[in-house]
Amino acid sequence: MKKILHIISSPRAGASVSIQLGNAVVSKIQETYPGSIVKEKNLAQNLFPHLEEAHLNAFFTPAEKRSAENIAAIQHSDEAIAELQEADIIVIGVPFYNFGVPSTLKAWVDHIARAGVTFQYTDQGPQGLITGKKVYLAVASGGIYSDGPMQAYDFATPYLKGVLGFLGMNDVTVFRAEGASIPVVKDTALEKGIESILIA
């Protein structure tokens, strides 16, 4: 049995390819690990605030010195980090927006990347503190970015693999449903993405 955290970042509900692909990944994990528990985090319905001065002040204030304002400002971050720490497997739905991740997902990343909590600096360099996790990215895009001339425009998957790895989550697998806006290709984009899912 595994604890699965499913991060949804698309606002398109049932029409979202990234949500459908993410759901398929979750289903495959449940088939592989019967009895697994799924916690869904919908960032489009429960928005994470973009970082403001109040959040940064709270991040860098020692816990014992935090004011009521600090505690309120840090709540989203603390909850998101606790969910990561609790999960064995993280599935992140990644709709491709203007060659990158949607701002909802970027805001979530900004709240989980905290010095002294999810990473630390040592004499040997930065060290991620969220370890022992398996991460699956369910990436959906209108074009094809896995290879070919548009590959250089994929700033979403390298960014997520980089920042998650920095936090200690280095075991990242990417599944793609791509070409959803290309005639002919779009008819089978999701199907091919789901067929590519292999849970190790």
# chains A, B, ... in the order shown; residues from 1 in each chain; ligands from 1
call {"tool": "residues_around", "arguments": {"residues": "stretch 129-140 of chain A", "least_positions_apart": "2", "cutoff": "7 Å", "atoms": "only C-alpha atoms", "output": "JSON, numbers by chain"}}
result
{"A": [17, 18, 21, 22, 85, 88, 89, 90, 91, 92, 93, 94, 95, 96, 118, 119, 127, 167, 168, 169, 171, 172, 173, 174, 175, 176, 177, 178]}
call {"tool": "closest_atom_pairs", "arguments": {"of": "stretch 8-50 of chain A", "to": "stretch 100-105 of chain A", "cutoff": "7 Å", "atoms": "only C-alpha atoms", "output": "JSON lines"}}
result
{"residue": "A:Ser9", "atom": "CA", "partner": "A:Leu105", "partner_atom": "CA", "distance": 5.8}
{"residue": "A:Leu43", "atom": "CA", "partner": "A:Thr104", "partner_atom": "CA", "distance": 6.1}
{"residue": "A:Ala44", "atom": "CA", "partner": "A:Thr104", "partner_atom": "CA", "distance": 6.6}
{"residue": "A:Leu47", "atom": "CA", "partner": "A:Thr104", "partner_atom": "CA", "distance": 6.7}
{"residue": "A:Phe48", "atom": "CA", "partner": "A:Thr104", "partner_atom": "CA", "distance": 6.6}
call {"tool": "select_by_dssp", "arguments": {"residues": "stretch 42-183 of chain A", "states": "strand (DSSP E or B)", "output": "PyMOL selection string"}}
result
chain A and resi 42+89-95+97+100+115+119-122+125-128+134-141+171-178
call {"tool": "atom_distance", "arguments": {"atom1": "atom CA of A:His50", "atom2": "atom CA of A:Glu86"}}
result
23.9 Å
call {"tool": "select_by_dssp", "arguments": {"residues": "stretch 50-98 of chain A", "states": "alpha helix (DSSP H)", "output": "NGL selection string"}}
result
:A and (53-59 or 68-86)
call {"tool": "closest_residue", "arguments": {"among": "A:Ala72, A:Leu190, A:Ile197, A:Leu56", "to": "A:Ala113", "atoms": "only C-alpha atoms"}}
result
A:Leu56
call {"tool": "closest_residue", "arguments": {"among": "A:Thr61, A:Ser141, A:Ser196, A:Ser67", "to": "A:Arg114", "atoms": "only C-alpha atoms"}}
result
A:Thr61
call {"tool": "closest_residue", "arguments": {"among": "A:Ser16, A:Asn70, A:Thr157, A:Asn98", "to": "A:Ala180", "atoms": "only C-alpha atoms"}}
result
A:Ser16
call {"tool": "atom_distance", "arguments": {"atom1": "atom CA of A:Arg66", "atom2": "atom CA of A:Leu5"}}
result
28.8 Å
call {"tool": "atom_distance", "arguments": {"atom1": "atom CA of A:Ile7", "atom2": "atom CA of A:Lys192"}}
result
21.5 Å
call {"tool": "closest_residue", "arguments": {"among": "A:Ser27, A:Ser181, A:Phe60, A:Glu195", "to": "A:Val117", "atoms": "only C-alpha atoms"}}
result
A:Phe60
call {"tool": "closest_residue", "arguments": {"among": "A:Tyr97, A:Tyr145, A:Phe59, A:Tyr153", "to": "A:Asp110", "atoms": "only C-alpha atoms"}}
result
A:Phe59
